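Here the structure comes first, spelled out in structure tokens, and everything after it is commentary.
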Amino acid sequence: MYMFKYVMKRLGLMLFTFFIIFTMCFVLIKLLPIPTNALPGQDPEIVMRTLEGRGWITNIQEGKNGVWTYDRVPILVQYVDYFKRIITRGDFGIATTYGEYLNMNIWDVFKSHLPPTILINIYSTLIGVPIGLGLGILAALKKNKLPDQLINIFIILLISVPSIVRALILQYGLCFKLGWFPLTMSISNDYFSWEVFRSMIPAVFALCLGSIAGYARYTRAELSEVLTGEFMLLARTKGLTKRQSIFRHALRNSMVVIFPSILSEFISVLSGSLIIEKIFAINGVGGLYLNSITFQDYDFFMMLSGFYTLVSLVAGIVTDISYGFIDPRIRMGAK
Amino acid sequence: MANTNQFYNIPAEKFRFAKERDLQHDSKLSTKPVSYFQGAFRRFCKNKGAAVAAVIILCLVLFSIFAPLFTPFTPAYYDMVYSYVTPKLDIFADNNIRFWDGGREKTGNYLDFIKDYALGQETGRDVIVGGEYTETVDAEGKSIYHYRYDTYYGVGFGKYKIISQEEYDDIQRYQNETGRQVLYPVVKSTDRPTQEKNKYDANIYYVMENPKASVIRPKLDEEGNVIPNYWTYEAGSTSGLIPEYNSLRIEGENGVEKDGKQYFYAYGRKVDGGIEVRAEYYEYYTYTHTQVLKDGIEEPLFMFGTTQTGKDVFACLAYGARFSFIFAIIVNVINCVMGIIVGSIIGYYGGRIDLVTCRIMEILGAVPSMIVITLLKYHMGSSSHVVVLLISFIVTGWISMAWSTRTQFYRFKNQEYVLAARTLGARDRRIMFKHIFPNGIGTLVTGMALAIPSMIYSETSLSYLGIINLEAGKITSVGTLIAAGQQSVVANAAYVAVFPCLFLILLMLSFNLFGNGLRDAFNPSLRGTED
């Protein structure tokens with residue numbers, strides 16, 4: 001019961017936070033000048049009527065010299081309207097200035113960009129987590145011996161080399177000098193074909209190196225602390241082999257802290273890394289976000305900002321709550 | 001009954017004055033007291049990694065302070081002719097060391113080779129470094145040449161340049177004074193290649209096999225040399241098209257004897273708007289910067305090479321690093337002051353003000369930084385991106401500092417000595433900043449040290465992503481340079497990315513080690529463990 005109450009409380013707080021951020025973002029966006037300038041080849045009236053249809057402006061009149069006058073719809077009205085459309089029709093708006101996707105449904109465009117981002121992040125998580133855990137366990141078991149020192153140097157190097165540089169080095173070495181992979185990701189939609197997979201490898205590699213280093217460091221610290229615990233001595237004294245004591249007692253206890261972060265990593269596969277996506281020209285959500293910022297496409301920006309905020313909030317809350325589920329000693333919200 | 005040990009009546013004469021040596025003193029402490037910061041400093045110096053990191057950081061800071069002062073180039077400088085010129089240091093170039101000498105390995109076919117070779121022949125420059133090349137024959141029987149190509153001299157003449165009469169005269173004056181040849185004889189317009197793309201190529205000074213071809217192939221004499229195709233005029237006769245020239249002439253030209261008459265080479269051609277000349281770009285560059293612009297640049301020498309747009313990588317890196325450091329320090333100081341003030345107030349007083357501020361901080365902290373920056377950028381459309389970045393880093397940056405200050409205050413505020421201070425009548429402000437705050441300094445300093453690299457990194461990645469464009473005047477960002485470097489990878493000019501990447505790696509590595517060292521040093525429980 002404690003648990004349920006706690007989870008509910010956290011969820012409520014999360015939703016509250018999300019709505020405050022979303023509302024602030026919405027209001028600040030709506031305070032900006034409305035992009036009423038027609039793109040080359042566009043009829044200004046159509047632009048105006050589209051904006052009216054989106055519920056941004058009202059009372060359109062054509063003045064002299066093709067100057068259009070209009071009134072802004074009050075922000076509160078727009079806000080209610082915006083949510084009504086999302087809830088009743090799943091309609092997040094259409095692209096108004098993002099040239100490539102002009103007048104297309106934002107949600108559809110977004111959906112079409114999700115697969116590359118998710119795939120690359122899932123591959124990287126699937127590769128990075130086991131290797132990271134393995135290296136961390138090895139380092140902790142051989143603490144202060146040669147393997148540990150080597151792994152430590154490896155970790156320090158990987159953590160200190162920023163992801164931009166890491167990705168550039170990989171791109172230069174693997175793709176340009178050795179020519180094993182194409183320089184950028186293939187734009188084909190057939191995500192499970194060998195050709196696309198091959199073009200994803202450098203990006204996956206660049207992403208997973210970071211998480212390998214992170215997990216190795218984390219696991220090493222946790223496990224070596226657990227290994228010094230007195231219950232480990234007890235386990236050995238009552239006759240367990242070293243192997244048994246490590247796998248049944250030490251690892252399980254160290255996982256209490258590590259497992260939640262793995263869970264949250266699986267949730268954040270949705271958001272991905274803007275930098276990696278830019279370097280390897282991945283046709284994912286990150287590129288969409290960057291372009292919507294450059295084009296000042298407000299509806300696009302609203303939707304994607306909401307998405308990123310939600311993903312990071314959910315990842316955070318899942319980490320917190322999973323502590324309680326994994327470790328019975330932790331009773332969340334208990335007084 | 002009488003106990004001899006009991007002295008009820010001690011005769012007065014038995015008393016004597018105590019002398020100095022009879023007094024029992026505690027022996028004086030023979031060691032000096034070690035204050036908290038002295039101890040921290042001592043522990044820090046013992047940590048070799050952290051000490052080395054501190055030295056590297058110092059070097060980077062010195063680089064960012066002094067490099068912009070000593071290089072004549074600025075981030076605003078660019079020269080499209082010298083695009084993708086490779087790094088060059090005089091020490092290496094003068095001693096014929098084939099590394100960092102402004103050259104690059106080039107593999108090309110016969111036409112590439114003969115063009116570079118002819119250029120070297122005319123100007124006497126080492127376009128082909130050391131004049132050495134290897135020739136191999138491929139499967140189709142074509143010759144493949146491999147040689148080290150000097151990117152500075154290889155630019156040659158570029159295109160025909162139209163200059164004013166004054167400049168033409170001034171160059172002649174400069175040539176006479178310094179003995180450096182800028183102008184070379186021109187080719188008569190009717191003798192030039194006819195196709196549009198070759199027409200203005202000033203590097204073609206020789207007789208061609210077919211001037212109409214799209215790829216120009218020079219005609220060779222019996223010895224295998226190219227035949228110059230300069231425009232000549234008869235000595236004494238004046239042509240309306242050829243401007244007067246009284247300066248250095250190229251080697252071997254003492255008038256050309258032909259049919260018993262003496263001819264001279266033409267060093268210019270009068271056209272609309274000035275005089276068309278063939279100026280060797282290396283010398284012309286030197287002339288322009290020393291005589292006309294007088295901007296302190298003496299000759300083309302780019303220590304770290306140039307980008308595609310001809311920007312000097314060294315200057316961009318130096319100014320970018322300087323901006324990064326100054327920016328990170330300013331933002332950090334503001335964040336710290338704000339964070340410490342807010343954190344100590346809510347940590348010390350607790351209660352409702354703590355609750356409300358914590359919720360606000362939680363919500364603000366959950367806003368992705370990208371949203372803050374973008375919204376600020378939209379709203380502050382016309383103002384500089386530096387201001388946008390500054391504000392957006394401050395809006396969310398103080399929160400982590402406030403959290404850690406608050407934690408420190410919660411840890412110490414209920415300790416006995418604080419109670420004692422309060423009992424003695426100390427005011428809140430005194431308790432906060434004299435009694436509690438100094439205890440938390442170690443953690444806060446470590447936090448500050450680790451915030452600097454992460455700030456520099458986010459500034460770098462934001463300008464890499466193109467969300468923020470800091471390039472204006474003398475300001476640039478390392479991220480912009482890295483973005484230029486990424487494009488250069490494909491052009492086989494990876495050195496553009498090498499130096500900024502190296503800077504970032506060194507910065508992150510040393511700040512990480514430095515921060516870890518600080519954390520250990522400020523932990524008094526580690527005192528004496530390493531002795």
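Naming scheme: A, B, ... for chains in displayed order of the structure tokens; residues 1 onward per chain; ligands 1 onward as shown.
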
Expected answer as a ChimeraX atom specification: chain B residues within 9 Å of chain A, only C-alpha atoms:
/B:362-364,366-368,370-372,374-375,378-379,457,461,464-467,482-483,486,489-490,492,494,497,501-502,504-513

Export, as a compact mmCIF listing (two decimals), in the first residue's frame, the selected residues with N, CA and C atoms.
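Okay, this is what ended up in part-v7.txt:
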# COMPACT_ATOMS: atom_id res chain seq x y z
N GLU B 362 12.82 22.03 -8.73
CA GLU B 362 12.59 20.75 -9.40
C GLU B 362 12.01 20.95 -10.79
N ILE B 363 11.03 21.85 -10.88
CA ILE B 363 10.40 22.07 -12.18
C ILE B 363 11.38 22.72 -13.16
N LEU B 364 12.09 23.74 -12.69
CA LEU B 364 13.06 24.41 -13.56
C LEU B 364 14.14 23.44 -14.01
N ALA B 366 13.84 20.37 -14.51
CA ALA B 366 13.35 19.35 -15.43
C ALA B 366 13.18 19.87 -16.84
N VAL B 367 13.28 21.20 -17.03
CA VAL B 367 13.14 21.74 -18.39
C VAL B 367 14.40 21.42 -19.17
N PRO B 368 14.29 20.73 -20.30
CA PRO B 368 15.50 20.45 -21.09
C PRO B 368 16.17 21.76 -21.51
N MET B 370 17.72 22.58 -24.00
CA MET B 370 17.48 22.95 -25.39
C MET B 370 16.26 23.86 -25.52
N ILE B 371 15.23 23.56 -24.73
CA ILE B 371 14.00 24.36 -24.80
C ILE B 371 14.28 25.78 -24.30
N VAL B 372 15.03 25.88 -23.19
CA VAL B 372 15.33 27.20 -22.64
C VAL B 372 16.07 28.03 -23.67
N THR B 374 16.32 27.66 -26.95
CA THR B 374 15.56 27.97 -28.16
C THR B 374 14.56 29.08 -27.90
N LEU B 375 13.84 28.96 -26.77
CA LEU B 375 12.84 29.99 -26.48
C LEU B 375 13.50 31.36 -26.30
N TYR B 378 14.47 32.71 -29.66
CA TYR B 378 13.33 33.25 -30.40
C TYR B 378 12.94 34.63 -29.86
N HIS B 379 12.94 34.72 -28.54
CA HIS B 379 12.44 35.96 -27.95
C HIS B 379 13.44 37.10 -28.04
N TYR B 457 31.76 22.33 -22.61
CA TYR B 457 31.33 21.29 -23.55
C TYR B 457 29.93 21.59 -24.09
N SER B 461 29.01 22.07 -27.93
CA SER B 461 28.11 21.24 -28.71
C SER B 461 26.94 22.06 -29.25
N TYR B 464 28.27 23.59 -32.20
CA TYR B 464 28.46 22.55 -33.22
C TYR B 464 27.13 22.25 -33.90
N LEU B 465 26.07 22.13 -33.09
CA LEU B 465 24.76 21.79 -33.65
C LEU B 465 24.16 22.94 -34.45
N GLY B 466 24.75 24.14 -34.28
CA GLY B 466 24.27 25.27 -35.06
C GLY B 466 23.09 25.97 -34.41
N ILE B 467 22.75 25.60 -33.17
CA ILE B 467 21.63 26.25 -32.50
C ILE B 467 22.06 27.66 -32.10
N ILE B 482 34.89 22.78 -34.90
CA ILE B 482 34.74 21.32 -35.04
C ILE B 482 33.76 21.01 -36.15
N ALA B 483 32.71 21.81 -36.26
CA ALA B 483 31.75 21.60 -37.35
C ALA B 483 32.45 21.77 -38.69
N GLN B 486 34.53 18.73 -39.31
CA GLN B 486 33.83 17.52 -39.74
C GLN B 486 33.66 17.52 -41.26
N VAL B 489 36.81 16.44 -43.14
CA VAL B 489 37.21 15.04 -43.15
C VAL B 489 37.08 14.48 -44.56
N VAL B 490 35.98 14.84 -45.21
CA VAL B 490 35.73 14.30 -46.54
C VAL B 490 36.73 14.87 -47.54
N ASN B 492 39.75 15.28 -47.07
CA ASN B 492 41.07 14.79 -46.67
C ASN B 492 41.89 15.88 -46.00
N ALA B 494 41.82 16.46 -42.47
CA ALA B 494 41.35 16.17 -41.11
C ALA B 494 42.03 17.04 -40.06
N ALA B 497 40.08 19.38 -37.88
CA ALA B 497 39.38 18.87 -36.70
C ALA B 497 40.35 18.45 -35.60
N CYS B 501 39.77 19.20 -31.51
CA CYS B 501 39.43 17.98 -30.78
C CYS B 501 40.45 17.72 -29.67
N LEU B 502 41.70 17.93 -30.00
CA LEU B 502 42.77 17.74 -29.02
C LEU B 502 42.56 18.68 -27.84
N LEU B 504 39.73 19.92 -26.80
CA LEU B 504 38.60 19.46 -25.99
C LEU B 504 38.99 18.26 -25.13
N ILE B 505 39.71 17.31 -25.73
CA ILE B 505 40.11 16.11 -24.98
C ILE B 505 40.96 16.51 -23.79
N LEU B 506 41.98 17.32 -24.04
CA LEU B 506 42.87 17.75 -22.96
C LEU B 506 42.08 18.44 -21.86
N LEU B 507 41.16 19.30 -22.30
CA LEU B 507 40.37 20.06 -21.33
C LEU B 507 39.53 19.14 -20.45
N MET B 508 38.82 18.22 -21.10
CA MET B 508 37.93 17.34 -20.34
C MET B 508 38.74 16.42 -19.43
N LEU B 509 39.79 15.84 -20.00
CA LEU B 509 40.61 14.89 -19.24
C LEU B 509 41.20 15.57 -18.01
N SER B 510 41.81 16.75 -18.24
CA SER B 510 42.49 17.36 -17.11
C SER B 510 41.49 17.89 -16.08
N PHE B 511 40.34 18.40 -16.54
CA PHE B 511 39.37 18.87 -15.56
C PHE B 511 38.77 17.72 -14.77
N ASN B 512 38.59 16.56 -15.42
CA ASN B 512 38.09 15.40 -14.68
C ASN B 512 39.06 14.99 -13.59
N LEU B 513 40.33 14.85 -13.97
CA LEU B 513 41.34 14.44 -12.99
C LEU B 513 41.47 15.49 -11.89

Would you kindly return, as an MDAnalysis selection string, each protein, DNA or RNA residue with an atom no farther than 10 Å from any atom of B:Cys358, considering only C-alpha atoms and excluding same-chain residues fewer than 5 positions away?
chainID B and resid 343 346 352:353 363:364 399 402:403 406

To one decimal place, how far is atom CA of B:Ile144 from atom CA of B:Glu122 in Å?
22.9 Å

Any chance you could list, as a ChimeraX atom specification, the residues in stretch 22-235 of chain A that come up alpha helix (DSSP H) when DSSP is run on the backbone?
/A:22-30,44-53,75-89,106-141,146-160,163-170,194-227,230-235

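Proximity to stretch 91-103 of chain B at 7 Å, evaluated using only C-alpha atoms and with sequence-adjacent residues fewer than 2 positions away removed, yields Val85, Thr86, Pro87, Lys88, Leu89, Glu105, Arg148, Tyr149, Asp150, Thr151 and Tyr152 of chain B.
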